[in-house]
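Pasting structure.txt here (compact mmCIF, C-alpha atoms and all ligand atoms):
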```txt
# COMPACT_ATOMS: atom_id res chain seq x y z
CA MET M 227 -40.27 7.41 -5.13
CA THR M 228 -42.90 5.55 -7.14
CA PRO M 229 -42.59 1.80 -7.91
CA THR M 230 -41.93 2.70 -11.57
CA GLU M 231 -39.10 4.99 -10.58
CA TYR M 232 -37.66 2.31 -8.31
CA ASP M 233 -37.78 -0.19 -11.16
CA TYR M 234 -36.13 2.30 -13.47
CA LEU M 235 -33.22 2.73 -11.05
CA ARG M 236 -32.94 -1.02 -10.53
CA VAL M 237 -32.69 -1.72 -14.25
CA PHE M 238 -30.27 1.16 -14.70
CA LEU M 239 -27.97 -0.06 -11.90
CA LYS M 240 -28.03 -3.67 -13.06
CA GLN M 241 -27.18 -2.72 -16.63
CA ARG M 242 -24.46 -0.29 -15.73
CA SER M 243 -22.71 -1.81 -12.73
CA GLY M 244 -24.15 -5.30 -12.35
CA LEU M 245 -25.68 -4.45 -8.98
CA VAL M 246 -28.79 -6.47 -8.26
CA LEU M 247 -31.26 -4.98 -5.79
CA SER M 248 -34.06 -7.04 -4.37
CA ASN M 249 -37.59 -5.75 -4.05
CA GLU M 250 -37.24 -4.39 -0.54
CA LYS M 251 -34.25 -2.13 -1.07
CA GLN M 252 -36.16 1.12 -1.62
CA TYR M 253 -34.90 2.39 1.67
CA LEU M 254 -31.29 1.73 0.67
CA ILE M 255 -31.71 3.59 -2.60
CA GLU M 256 -33.30 6.55 -0.85
CA SER M 257 -30.69 6.83 1.87
CA ARG M 258 -27.81 6.57 -0.59
CA LEU M 259 -29.25 8.68 -3.39
CA MET M 260 -30.73 11.60 -1.45
CA PRO M 261 -27.24 13.07 -0.87
CA VAL M 262 -26.58 12.71 -4.63
CA ALA M 263 -29.86 14.45 -5.44
CA ARG M 264 -28.96 17.31 -3.11
CA LYS M 265 -25.51 17.65 -4.61
CA PHE M 266 -27.08 18.04 -8.05
CA GLY M 267 -29.65 20.53 -6.76
CA LEU M 268 -32.56 18.12 -7.11
CA ALA M 269 -35.33 18.13 -4.54
CA SER M 270 -36.32 14.46 -4.64
CA ILE M 271 -35.50 11.01 -5.96
CA SER M 272 -38.28 11.51 -8.53
CA ASN M 273 -36.48 14.59 -9.86
CA LEU M 274 -33.25 12.63 -9.90
CA VAL M 275 -34.82 9.87 -11.98
CA ASP M 276 -36.26 12.44 -14.41
CA LYS M 277 -32.85 13.98 -14.91
CA LEU M 278 -31.17 10.59 -15.23
CA LYS M 279 -33.56 9.67 -18.04
CA LEU M 280 -32.31 12.68 -19.99
CA GLU M 281 -28.60 12.13 -19.26
CA GLN M 282 -27.79 8.45 -19.05
CA ASN M 283 -24.05 8.92 -19.40
CA GLY M 284 -23.28 12.12 -17.56
CA SER M 285 -21.83 12.91 -14.18
CA LEU M 286 -25.18 12.27 -12.48
CA ALA M 287 -25.23 8.70 -13.80
CA ASP M 288 -21.69 8.13 -12.52
CA ALA M 289 -22.54 9.63 -9.14
CA ILE M 290 -25.59 7.36 -8.79
CA ILE M 291 -23.57 4.25 -9.66
CA GLU M 292 -20.80 5.20 -7.24
CA ALA M 293 -23.20 6.01 -4.43
CA MET M 294 -24.77 2.57 -4.71
CA THR M 295 -21.55 0.54 -4.65
CA THR M 296 -20.16 -0.81 -1.39
CA ASN M 297 -16.51 0.15 -1.14
CA GLU M 298 -15.61 -1.29 2.22
CA SER M 299 -12.21 -2.91 2.31
CA PHE M 300 -9.39 -3.48 4.76
CA PHE M 301 -5.79 -4.59 4.86
CA PHE M 302 -5.21 -8.36 5.03
CA ARG M 303 -8.96 -8.89 4.73
CA ASP M 304 -9.78 -12.49 5.76
CA LYS M 305 -6.02 -13.13 6.09
CA VAL M 306 -6.17 -16.65 4.52
CA PRO M 307 -6.08 -15.45 0.88
CA PHE M 308 -2.77 -13.72 1.58
CA ASP M 309 -1.37 -16.89 3.12
CA HIS M 310 -2.38 -18.65 -0.11
CA PHE M 311 -0.63 -15.87 -1.99
CA THR M 312 2.71 -16.23 -0.21
CA GLN M 313 2.59 -19.96 0.49
CA THR M 314 0.93 -21.40 -2.60
CA MET M 315 0.60 -19.03 -5.52
CA LEU M 316 3.96 -17.27 -5.42
CA PRO M 317 6.02 -20.43 -4.78
CA HIS M 318 4.21 -22.04 -7.72
CA MET M 319 4.90 -19.07 -9.99
CA LEU M 320 8.52 -18.83 -8.85
CA THR M 321 9.15 -22.24 -10.33
CA ALA M 322 6.66 -22.20 -13.19
CA ARG M 323 7.77 -18.79 -14.49
CA GLN M 324 11.53 -19.37 -14.17
CA ARG M 325 12.05 -18.67 -17.86
CA ASP M 326 10.32 -15.28 -18.12
CA ARG M 327 10.83 -14.25 -14.50
CA ARG M 328 7.68 -12.24 -14.81
CA ILE M 329 4.45 -12.41 -12.79
CA ARG M 330 1.33 -10.37 -13.50
CA ILE M 331 -1.26 -9.81 -10.78
CA TRP M 332 -4.69 -8.20 -11.04
CA SER M 333 -6.82 -6.86 -8.21
CA ALA M 334 -10.12 -6.70 -10.07
CA ALA M 335 -12.18 -4.75 -7.52
CA ALA M 336 -9.39 -2.82 -5.88
CA SER M 337 -11.63 -0.28 -4.15
CA THR M 338 -9.54 2.04 -1.94
CA GLY M 339 -6.35 0.01 -2.44
CA GLN M 340 -6.09 -2.10 0.70
CA GLU M 341 -6.13 -5.36 -1.25
CA PRO M 342 -3.42 -4.53 -3.84
CA TYR M 343 -1.29 -2.86 -1.16
CA THR M 344 -1.57 -5.95 1.04
CA LEU M 345 -0.30 -7.99 -1.91
CA ALA M 346 2.52 -5.47 -2.37
CA MET M 347 3.50 -5.82 1.31
CA CYS M 348 3.51 -9.62 0.95
CA LEU M 349 5.75 -9.26 -2.10
CA LYS M 350 8.13 -7.04 -0.15
CA ASP M 351 8.38 -9.78 2.48
CA MET M 352 9.61 -12.10 -0.27
CA ASP M 353 12.08 -9.60 -1.70
CA ALA M 354 15.00 -11.97 -1.37
CA LYS M 355 13.34 -14.59 -3.58
CA LEU M 356 12.12 -12.08 -6.14
CA GLY M 357 15.47 -10.57 -7.07
CA GLY M 358 15.62 -10.28 -10.87
CA TRP M 359 11.87 -10.85 -11.22
CA ARG M 360 9.43 -8.39 -12.69
CA VAL M 361 6.13 -8.31 -10.86
CA GLU M 362 3.41 -6.21 -12.43
CA MET M 363 0.31 -5.33 -10.46
CA ILE M 364 -2.84 -3.71 -11.75
CA GLY M 365 -5.71 -2.51 -9.60
CA THR M 366 -9.01 -1.71 -11.26
CA ASP M 367 -12.38 -0.51 -10.05
CA LEU M 368 -15.56 0.96 -11.45
CA SER M 369 -15.43 3.97 -9.18
CA THR M 370 -13.09 6.89 -9.89
CA GLU M 371 -13.49 8.15 -6.35
CA VAL M 372 -12.07 5.02 -4.71
CA LEU M 373 -9.25 4.84 -7.25
CA GLU M 374 -8.18 8.37 -6.36
CA LYS M 375 -7.92 7.32 -2.75
CA ALA M 376 -6.06 4.16 -3.69
CA LYS M 377 -3.52 6.15 -5.70
CA ALA M 378 -2.97 8.61 -2.85
CA GLY M 379 -2.58 5.69 -0.44
CA ILE M 380 -3.67 7.78 2.55
CA TYR M 381 -5.65 6.05 5.30
CA SER M 382 -7.19 7.04 8.60
CA GLN M 383 -6.00 5.72 11.95
CA PHE M 384 -9.11 3.55 12.02
CA GLU M 385 -8.40 2.05 8.59
CA VAL M 386 -4.79 1.15 9.39
CA GLN M 387 -5.88 -0.64 12.55
CA ARG M 388 -8.28 -3.07 10.92
CA GLY M 389 -6.20 -6.07 9.99
CA LEU M 390 -2.83 -4.42 9.42
CA PRO M 391 -0.19 -5.83 11.77
CA ILE M 392 1.60 -3.07 13.64
CA ASN M 393 4.98 -4.02 12.18
CA TYR M 394 3.69 -3.44 8.66
CA LEU M 395 2.38 -0.03 9.71
CA LEU M 396 5.81 0.94 11.00
CA LYS M 397 7.60 -0.51 8.01
CA HIS M 398 5.51 0.75 5.12
CA PHE M 399 3.65 3.88 6.24
CA THR M 400 4.49 7.47 7.05
CA GLN M 401 2.49 9.37 9.62
CA MET M 402 0.81 12.58 8.38
CA GLY M 403 -1.00 14.08 11.35
CA ASP M 404 -3.97 11.80 11.99
CA MET M 405 -3.48 10.00 8.70
CA TRP M 406 -1.04 7.40 7.43
CA GLN M 407 0.36 7.25 3.91
CA ILE M 408 1.73 4.11 2.33
CA SER M 409 5.31 4.38 1.07
CA PRO M 410 6.09 5.72 -2.43
CA GLU M 411 7.80 2.42 -3.20
CA LEU M 412 4.64 0.40 -2.57
CA ARG M 413 2.52 2.94 -4.40
CA SER M 414 4.80 2.65 -7.43
CA MET M 415 4.25 -1.11 -7.53
CA ILE M 416 0.61 -0.77 -8.56
CA GLN M 417 -0.96 0.74 -11.63
CA TYR M 418 -4.56 1.81 -11.10
CA ARG M 419 -7.13 1.95 -13.87
CA LYS M 420 -10.84 2.53 -14.09
CA LEU M 421 -12.58 -0.55 -15.38
CA ASN M 422 -16.12 -1.91 -15.38
CA LEU M 423 -16.10 -5.69 -15.01
CA LEU M 424 -19.26 -5.88 -17.14
CA GLU M 425 -17.22 -4.58 -20.06
CA SER M 426 -14.31 -6.16 -21.90
CA PHE M 427 -11.03 -6.37 -20.03
CA SER M 428 -9.03 -8.19 -22.67
CA SER M 429 -6.91 -5.06 -23.17
CA LEU M 430 -5.38 -5.57 -19.72
CA GLY M 431 -3.46 -8.57 -21.03
CA GLN M 432 -2.70 -11.90 -19.33
CA PHE M 433 -2.58 -12.51 -15.59
CA ASP M 434 -1.04 -15.25 -13.49
CA ILE M 435 -2.99 -14.30 -10.37
CA VAL M 436 -6.35 -12.58 -10.12
CA PHE M 437 -7.95 -11.35 -6.89
CA CYS M 438 -11.64 -10.70 -7.54
CA ARG M 439 -13.09 -10.45 -4.07
CA ASN M 440 -16.33 -9.18 -2.64
CA VAL M 441 -17.73 -7.80 -5.86
CA LEU M 442 -19.41 -10.75 -7.66
CA ILE M 443 -21.55 -11.14 -4.58
CA TYR M 444 -23.58 -8.10 -5.71
CA PHE M 445 -24.28 -9.52 -9.18
CA ASP M 446 -26.75 -12.04 -10.58
CA ASN M 447 -25.60 -15.49 -11.75
CA GLU M 448 -25.56 -14.53 -15.41
CA ALA M 449 -23.12 -11.68 -14.76
CA LYS M 450 -21.02 -13.82 -12.40
CA ILE M 451 -20.69 -16.60 -14.99
CA ASP M 452 -19.82 -14.16 -17.76
CA ILE M 453 -17.14 -12.40 -15.69
CA LEU M 454 -15.62 -15.64 -14.38
CA ASN M 455 -15.40 -17.09 -17.90
CA ARG M 456 -13.77 -13.92 -19.18
CA ILE M 457 -11.29 -13.87 -16.28
CA ARG M 458 -10.35 -17.43 -17.28
CA LYS M 459 -9.48 -16.12 -20.74
CA THR M 460 -6.94 -13.69 -19.25
CA MET M 461 -5.00 -16.61 -17.75
CA PRO M 462 -2.57 -19.33 -18.71
CA GLU M 463 -3.50 -22.88 -17.72
CA ASP M 464 -2.02 -22.63 -14.26
CA GLY M 465 -3.44 -19.21 -13.37
CA PHE M 466 -4.93 -18.63 -9.93
CA LEU M 467 -8.16 -16.91 -8.97
CA VAL M 468 -9.09 -15.76 -5.48
CA LEU M 469 -12.70 -15.00 -4.60
CA GLY M 470 -14.24 -13.49 -1.48
CA ALA M 471 -15.27 -15.54 1.55
CA ALA M 472 -18.92 -15.67 0.44
CA GLU M 473 -18.21 -16.29 -3.25
CA THR M 474 -17.56 -19.44 -5.29
CA VAL M 475 -17.32 -20.76 -8.85
CA VAL M 476 -19.05 -23.97 -7.84
CA GLY M 477 -22.36 -24.37 -9.63
CA LEU M 478 -21.57 -21.45 -11.92
CA THR M 479 -18.76 -22.43 -14.27
CA ASP M 480 -16.24 -25.17 -14.96
CA ALA M 481 -13.65 -22.61 -16.00
CA PHE M 482 -12.05 -22.85 -12.55
CA LYS M 483 -11.55 -25.64 -10.05
CA PRO M 484 -11.30 -25.15 -6.30
CA VAL M 485 -7.79 -25.90 -5.06
CA ALA M 486 -8.04 -28.67 -2.47
CA ASP M 487 -7.77 -27.51 1.15
CA LYS M 488 -7.26 -23.86 0.13
CA ARG M 489 -10.45 -22.03 0.92
CA GLY M 490 -11.31 -19.31 -1.61
CA LEU M 491 -8.55 -20.35 -4.02
CA TYR M 492 -9.27 -21.56 -7.55
CA GLN M 493 -7.09 -22.61 -10.41
CA ALA M 494 -7.81 -22.43 -14.12
CA ALA M 495 -9.60 -25.65 -14.96
CA SER M 496 -7.57 -27.15 -17.77
CA ALA M 497 -4.51 -27.35 -15.53
CA SER M 498 -4.76 -30.82 -14.05
CA THR M 499 -1.75 -30.17 -11.84
CA SER M 500 -2.24 -29.09 -8.31
CA ALA M 501 -0.65 -25.94 -6.99
CA ALA M 502 1.80 -27.96 -4.99
CA ALA M 503 3.06 -29.88 -8.01
CA PRO M 504 6.57 -29.05 -9.15
CA ALA M 505 7.18 -26.75 -12.08
CA THR M 506 8.05 -29.57 -14.42
CA ALA M 507 4.57 -30.93 -14.01
CA ALA M 508 3.10 -27.56 -14.90
CA PHE M 509 5.23 -27.34 -18.00
CA GLY M 510 4.47 -30.95 -18.81
CA THR M 511 0.77 -30.25 -18.73
CA ARG M 512 1.16 -27.29 -20.95
CA PHE M 513 3.22 -29.26 -23.39
CA GLN M 514 0.69 -32.09 -23.44
CA PHE M 515 -2.04 -29.60 -23.98
CA ALA M 516 -0.24 -28.08 -26.95
CA SER M 517 0.72 -31.40 -28.50
CA GLY M 518 -2.78 -32.76 -28.03
CA ARG M 519 -4.17 -30.27 -30.49
CA MET U 1053 -11.49 -19.48 28.93
CA LYS U 1054 -8.51 -17.21 28.39
CA HIS U 1055 -7.61 -14.70 31.03
CA CYS U 1056 -7.03 -11.06 30.02
CA LEU U 1057 -5.70 -8.38 32.34
CA VAL U 1058 -6.96 -4.90 31.48
CA VAL U 1059 -4.60 -2.20 32.75
CA ASP U 1060 -5.86 1.39 32.52
CA ASP U 1061 -6.29 4.20 35.03
CA SER U 1062 -9.62 5.17 33.47
CA SER U 1063 -12.52 3.14 34.83
CA VAL U 1064 -14.54 4.07 31.74
CA ILE U 1065 -11.94 2.57 29.40
CA ARG U 1066 -11.69 -0.53 31.59
CA LYS U 1067 -15.42 -0.96 31.42
CA VAL U 1068 -15.56 -0.58 27.64
CA ALA U 1069 -12.63 -2.97 27.19
CA ARG U 1070 -14.19 -5.48 29.58
CA ARG U 1071 -17.44 -5.49 27.64
CA ILE U 1072 -15.67 -6.07 24.30
CA LEU U 1073 -13.33 -8.74 25.62
CA GLU U 1074 -16.01 -10.61 27.57
CA ASP U 1075 -17.95 -10.86 24.31
CA LEU U 1076 -14.82 -12.42 22.84
CA SER U 1077 -14.95 -15.00 25.68
CA PHE U 1078 -12.13 -13.65 27.83
CA GLN U 1079 -12.18 -13.73 31.60
CA ILE U 1080 -11.23 -10.25 32.78
CA THR U 1081 -9.18 -8.90 35.66
CA GLU U 1082 -8.65 -5.15 36.00
CA ALA U 1083 -5.75 -3.08 37.29
CA GLU U 1084 -5.46 0.70 37.65
CA ASP U 1085 -1.73 1.03 37.18
CA GLY U 1086 1.40 -0.92 36.28
CA GLN U 1087 2.37 -1.74 39.85
CA ALA U 1088 -1.01 -3.32 40.63
CA ALA U 1089 -0.87 -5.17 37.31
CA LEU U 1090 2.58 -6.55 38.07
CA GLU U 1091 1.36 -7.91 41.42
CA ILE U 1092 -1.54 -9.67 39.71
CA CYS U 1093 0.84 -11.16 37.12
CA ARG U 1094 3.16 -12.43 39.84
CA LYS U 1095 0.25 -14.33 41.39
CA GLN U 1096 -1.16 -15.62 38.14
CA MET U 1097 0.18 -14.88 34.67
CA PRO U 1098 -2.67 -14.02 32.27
CA GLU U 1099 -2.70 -15.07 28.59
CA ALA U 1100 -3.35 -11.51 27.42
CA ILE U 1101 -2.77 -7.98 28.66
CA LEU U 1102 -4.43 -4.85 27.29
CA LEU U 1103 -2.16 -2.06 28.43
CA ASP U 1104 -2.48 1.72 28.71
CA TRP U 1105 0.65 3.88 28.53
CA ASN U 1106 0.15 6.87 30.83
CA MET U 1107 -0.81 5.81 34.34
CA PRO U 1108 0.12 6.96 37.85
CA ILE U 1109 2.58 4.98 40.01
CA MET U 1110 3.89 2.83 37.14
CA ASP U 1111 3.30 3.52 33.45
CA GLY U 1112 2.82 0.94 30.71
CA ILE U 1113 6.38 1.00 29.40
CA GLU U 1114 7.85 0.49 32.85
CA PHE U 1115 5.33 -2.29 33.49
CA ILE U 1116 6.12 -4.24 30.36
CA SER U 1117 9.87 -3.88 30.87
CA GLN U 1118 9.48 -5.36 34.37
CA LEU U 1119 6.99 -7.98 33.23
CA ARG U 1120 9.25 -9.36 30.52
CA LYS U 1121 11.95 -9.98 33.16
CA GLU U 1122 9.62 -12.04 35.38
CA PRO U 1123 9.65 -15.84 35.23
CA GLN U 1124 6.89 -16.70 32.67
CA GLY U 1125 6.81 -12.97 31.90
CA LYS U 1126 7.29 -13.58 28.21
CA THR U 1127 4.16 -15.70 27.83
CA PRO U 1128 1.37 -13.10 27.86
CA LYS U 1129 0.54 -11.36 24.61
CA VAL U 1130 0.68 -7.66 25.40
CA VAL U 1131 -1.42 -5.26 23.35
CA PHE U 1132 -0.85 -1.58 24.08
CA CYS U 1133 -3.98 0.55 23.98
CA THR U 1134 -3.15 4.22 24.28
CA THR U 1135 -3.62 7.77 23.03
CA GLU U 1136 0.13 7.92 22.38
CA ASN U 1137 -0.06 7.55 18.63
CA HIS U 1138 3.23 8.73 17.23
CA VAL U 1139 5.46 6.29 15.31
CA ALA U 1140 8.20 6.89 17.87
CA HIS U 1141 5.87 5.73 20.65
CA ILE U 1142 4.86 2.64 18.73
CA ALA U 1143 8.47 1.74 18.03
CA LYS U 1144 9.38 2.24 21.68
CA ALA U 1145 6.54 -0.01 22.87
CA LEU U 1146 7.51 -2.77 20.46
CA ARG U 1147 11.15 -2.54 21.56
CA ALA U 1148 9.99 -2.85 25.17
CA GLY U 1149 8.28 -6.13 24.28
CA ALA U 1150 4.74 -5.29 23.12
CA ASP U 1151 3.14 -7.67 20.62
CA GLU U 1152 0.55 -5.32 19.15
CA TYR U 1153 -0.53 -1.71 19.45
CA ILE U 1154 -3.93 -0.05 19.46
CA MET U 1155 -4.19 3.72 19.03
CA LYS U 1156 -7.15 5.20 20.88
CA PRO U 1157 -9.93 5.81 20.11
CA PHE U 1158 -10.59 2.15 19.53
CA ASP U 1159 -13.66 0.04 18.90
CA ARG U 1160 -14.76 -3.57 18.97
CA GLU U 1161 -13.49 -4.31 15.47
CA ILE U 1162 -10.01 -3.02 16.17
CA VAL U 1163 -9.67 -4.95 19.43
CA GLU U 1164 -10.88 -8.11 17.72
CA ALA U 1165 -8.51 -7.60 14.75
CA LYS U 1166 -5.50 -6.98 16.98
CA PHE U 1167 -6.22 -9.90 19.33
CA ALA U 1168 -6.63 -12.14 16.29
CA GLU U 1169 -3.36 -10.81 14.92
CA VAL U 1170 -1.40 -12.08 17.92
CA GLY U 1171 -3.22 -15.41 17.92
CA LEU U 1172 -5.43 -14.83 20.95
CA ILE U 1173 -8.61 -15.50 19.00
C1 LIG M 1201 -16.55 -4.31 -1.28
S1 LIG M 1201 -15.37 -3.62 -2.41
C2 LIG M 1201 -14.17 -4.93 -2.46
C3 LIG M 1201 -12.78 -4.45 -2.23
C4 LIG M 1201 -11.72 -5.54 -2.08
N1 LIG M 1201 -11.66 -6.40 -3.23
C5 LIG M 1201 -11.97 -6.35 -0.82
O1 LIG M 1201 -12.36 -7.51 -0.91
O2 LIG M 1201 -11.76 -5.82 0.28
C6 LIG M 1201 -16.25 -3.78 -3.96
C7 LIG M 1201 -15.72 -2.89 -5.06
O3 LIG M 1201 -16.26 -3.32 -6.32
C8 LIG M 1201 -16.45 -2.20 -7.14
N2 LIG M 1201 -17.40 -2.54 -8.21
C9 LIG M 1201 -18.73 -2.67 -8.11
N3 LIG M 1201 -19.27 -2.97 -9.32
C10 LIG M 1201 -18.22 -3.03 -10.19
C11 LIG M 1201 -18.12 -3.29 -11.59
N4 LIG M 1201 -19.21 -3.55 -12.34
N5 LIG M 1201 -16.89 -3.26 -12.16
C12 LIG M 1201 -15.80 -3.01 -11.41
N6 LIG M 1201 -15.82 -2.76 -10.09
C13 LIG M 1201 -17.03 -2.76 -9.48
C14 LIG M 1201 -16.94 -1.14 -6.19
O4 LIG M 1201 -16.70 0.16 -6.71
C15 LIG M 1201 -16.14 -1.43 -4.92
O5 LIG M 1201 -15.01 -0.61 -4.83
```

Would you mind giving the structure from this file in structure tokens?
Amino acid sequence: MTPTEYDYLRVFLKQRSGLVLSNEKQYLIESRLMPVARKFGLASISNLVDKLKLEQNGSLADAIIEAMTTNESFFFRDKVPFDHFTQTMLPHMLTARQRDRRIRIWSAAASTGQEPYTLAMCLKDMDAKLGGWRVEMIGTDLSTEVLEKAKAGIYSQFEVQRGLPINYLLKHFTQMGDMWQISPELRSMIQYRKLNLLESFSSLGQFDIVFCRNVLIYFDNEAKIDILNRIRKTMPEDGFLVLGAAETVVGLTDAFKPVADKRGLYQAASASTSAAAPATAAFGTRFQFASGR
Amino acid sequence: MKHCLVVDDSSVIRKVARRILEDLSFQITEAEDGQAALEICRKQMPEAILLDWNMPIMDGIEFISQLRKEPQGKTPKVVFCTTENHVAHIAKALRAGADEYIMKPFDREIVEAKFAEVGLI
């Protein structure tokens, strides 16, 4: 691969998926793209680049983008965000959304489904409190391949042992030989859609809670800021955002404020109330906001 | 330093488990079967037990049933680690008093995740 070809791939990947590759990642590109080249009957990365130049939107382009994304995920990843979900975000929404009894949740880089399914398992734990509520969950990802796996909800023995407590395995999965499939009920709780975070997502509607974890980390600041600001627009004033352990809004945008003492949890900035504040305060803020205009 | 008893009739598995758990700062004692493990527990109850199922003399299920009846026998966190990987086995182990369950083959990440799950790390 020549330096020009490497630069071409770098620009292509940044424009199409947001992925930023530093100067020394040639080796990564080669190891991940050689299998793609072979699959398309191309002898080298140079041939692959030539073909990509002719077909920027075809199946080769998609395959290159998918091959370069990191899809690793696991159930209850980092654990703490799911404690925030059941102990902070849901209790807040259960009071703040009393009138509509509706909560919308978005897993914005759902990958193979572990994150949205973990949220679904947490929701099942709170079944008693959610009677009469409508909870809508959407999982999106850039990659069709991972979404297919998410929809099927079938995981290897290795995957169900990384972070998933054994009781949840017994409760929500069926054994299929060496594999484990998540229950039809949990699968039916999530709608999966292909979506590129670099493009508009206003058509998805409004969300009370957004999990956008371990994806912004691959992007440059400009893309991070743009996506964070657009996520803010999908939320009411008390919406929650959860980022990955190595991600933050701090220094990027004022659209969200870190929630005190809740690592990785952010709340839409114009809500001056804390998560722990009672529902009346949340409504009060909203009212003040409306009357102030 | 927390004390973990590794119970498995395979010396290879014990060695692998020892290496992983020592890296996680556990002090390790080994036993080849349930009976030997029970004797160790009677002398000094460990904080954690990594437990195989199929072993000569006394198997894992028998061991944990006996252990849980001992004075202080409810304190150790018991993590099964076995090739028995059917849901019925898992359910049986949990009923017998296991806290977590590892299906072999296992690796460092799984052991770490499961030990964290039961609050040992
Ligand atoms: C490391 S996984 C994160 C999965 C999960 N959120 C977690 O934290 O375990 C990152 C996912 O982001 C997806 N992704 C990468 N670029 C994207 C983009 N521009 N738009 C949407 N998804 C993207 C990848 O396909 C991959 O599945």

Residue neighbourhood Asp1111 in chain U, 10 Å, all atoms listed in the file, exclusion window fewer than 5 positions, as a list of chain:residue names: U:Val1059, U:Asp1060, U:Asp1061, U:Asp1085, U:Gly1086, U:Gln1087, U:Leu1103, U:Asp1104, U:Trp1105, U:Asn1106, U:Ile1116

Test item: chain M residues at most 8 Å from chain U, counting all atoms listed in the file, as a list of chain:residue names: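 Close to chain U, chain M has M:Gln383, M:Phe384, M:Gln387, M:Arg388, M:Gly389, M:Pro391, M:Ile392, M:Leu396, M:Gln401.
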
To check your reading of the model: which residues sit at most 7 Å from ligand LIG 1201 (chain M) when counting only C-alpha atoms and all ligand atoms? Write the answer as an mmCIF file with C-alpha atoms, in the frame of the given file.
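File produced: result-v7.cif:
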```cif
data_model
loop_
_atom_site.group_PDB
_atom_site.id
_atom_site.type_symbol
_atom_site.label_atom_id
_atom_site.label_comp_id
_atom_site.auth_asym_id
_atom_site.auth_seq_id
_atom_site.Cartn_x
_atom_site.Cartn_y
_atom_site.Cartn_z
ATOM 1 C CA SER M 243 -22.710 -1.810 -12.730
ATOM 2 C CA GLY M 244 -24.150 -5.300 -12.350
ATOM 3 C CA LEU M 245 -25.680 -4.450 -8.980
ATOM 4 C CA GLU M 292 -20.800 5.200 -7.240
ATOM 5 C CA THR M 295 -21.550 0.540 -4.650
ATOM 6 C CA THR M 296 -20.160 -0.810 -1.390
ATOM 7 C CA ASN M 297 -16.510 0.150 -1.140
ATOM 8 C CA GLU M 298 -15.610 -1.290 2.220
ATOM 9 C CA SER M 299 -12.210 -2.910 2.310
ATOM 10 C CA PHE M 300 -9.390 -3.480 4.760
ATOM 11 C CA ARG M 303 -8.960 -8.890 4.730
ATOM 12 C CA SER M 333 -6.820 -6.860 -8.210
ATOM 13 C CA ALA M 334 -10.120 -6.700 -10.070
ATOM 14 C CA ALA M 335 -12.180 -4.750 -7.520
ATOM 15 C CA ALA M 336 -9.390 -2.820 -5.880
ATOM 16 C CA SER M 337 -11.630 -0.280 -4.150
ATOM 17 C CA THR M 338 -9.540 2.040 -1.940
ATOM 18 C CA GLN M 340 -6.090 -2.100 0.700
ATOM 19 C CA GLU M 341 -6.130 -5.360 -1.250
ATOM 20 C CA THR M 366 -9.010 -1.710 -11.260
ATOM 21 C CA ASP M 367 -12.380 -0.510 -10.050
ATOM 22 C CA LEU M 368 -15.560 0.960 -11.450
ATOM 23 C CA SER M 369 -15.430 3.970 -9.180
ATOM 24 C CA VAL M 372 -12.070 5.020 -4.710
ATOM 25 C CA LEU M 421 -12.580 -0.550 -15.380
ATOM 26 C CA ASN M 422 -16.120 -1.910 -15.380
ATOM 27 C CA LEU M 423 -16.100 -5.690 -15.010
ATOM 28 C CA LEU M 424 -19.260 -5.880 -17.140
ATOM 29 C CA CYS M 438 -11.640 -10.700 -7.540
ATOM 30 C CA ARG M 439 -13.090 -10.450 -4.070
ATOM 31 C CA ASN M 440 -16.330 -9.180 -2.640
ATOM 32 C CA VAL M 441 -17.730 -7.800 -5.860
ATOM 33 C CA GLY M 470 -14.240 -13.490 -1.480
#
```

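You will find CA of Leu278 in chain M at 11.6 Å from CA of Leu239 in chain M.
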
Atom-to-atom span, CA of Ala494 in chain M and CA of Arg456 in chain M, Å: 11.6 Å

List as a tab-separated table (two decimals) with C-alpha atoms, in the coordinates of the input the protein and nucleic acid residues near Phe466 in chain M, meaning an atom at most 9 Å away when all atoms listed in the file are counted, but skip any in the same chain fewer than 5 places from it.
```tsv
chain	number	residue	atom	x	y	z
M	315	MET	CA	0.60	-19.03	-5.52
M	433	PHE	CA	-2.58	-12.51	-15.59
M	434	ASP	CA	-1.04	-15.25	-13.49
M	435	ILE	CA	-2.99	-14.30	-10.37
M	436	VAL	CA	-6.35	-12.58	-10.12
M	437	PHE	CA	-7.95	-11.35	-6.89
M	461	MET	CA	-5.00	-16.61	-17.75
M	482	PHE	CA	-12.05	-22.85	-12.55
M	491	LEU	CA	-8.55	-20.35	-4.02
M	492	TYR	CA	-9.27	-21.56	-7.55
M	493	GLN	CA	-7.09	-22.61	-10.41
M	494	ALA	CA	-7.81	-22.43	-14.12
M	501	ALA	CA	-0.65	-25.94	-6.99
```

Distance in Å - CA of Ser1117 in chain U versus CA of Leu1090 in chain U: 10.6 Å

Distance query Lys1054 in chain U at most 8 Å, all atoms listed in the file, self and fewer than 6 positions along chain excluded, as a PyMOL selection string: chain U and resi 1077-1079+1098-1100

Nearest to Asn447 in chain M, chosen from M:Lys265, M:Ile255, M:Val246, M:Arg323, with all atoms listed in the file counted in the distances: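 Nearest to Asn447 in chain M: M:Val246.
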
Nearest to Pro1123 in chain U by atom-to-atom distance, counting all atoms listed in the file, from U:Ile1101, U:Leu1073, U:Leu1057, U:Cys1093: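 Checking each of U:Ile1101, U:Leu1073, U:Leu1057, U:Cys1093 against Pro1123 in chain U, counting all atoms listed in the file, the winner is U:Cys1093.
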
3 Å per side around range 1059-1074 of chain U: axis-aligned box centre and edge lengths, as JSON:
```
{"center_x": -11.0, "center_y": -2.7, "center_z": 29.7, "size_x": 18.8, "size_y": 21.8, "size_z": 16.7}
```
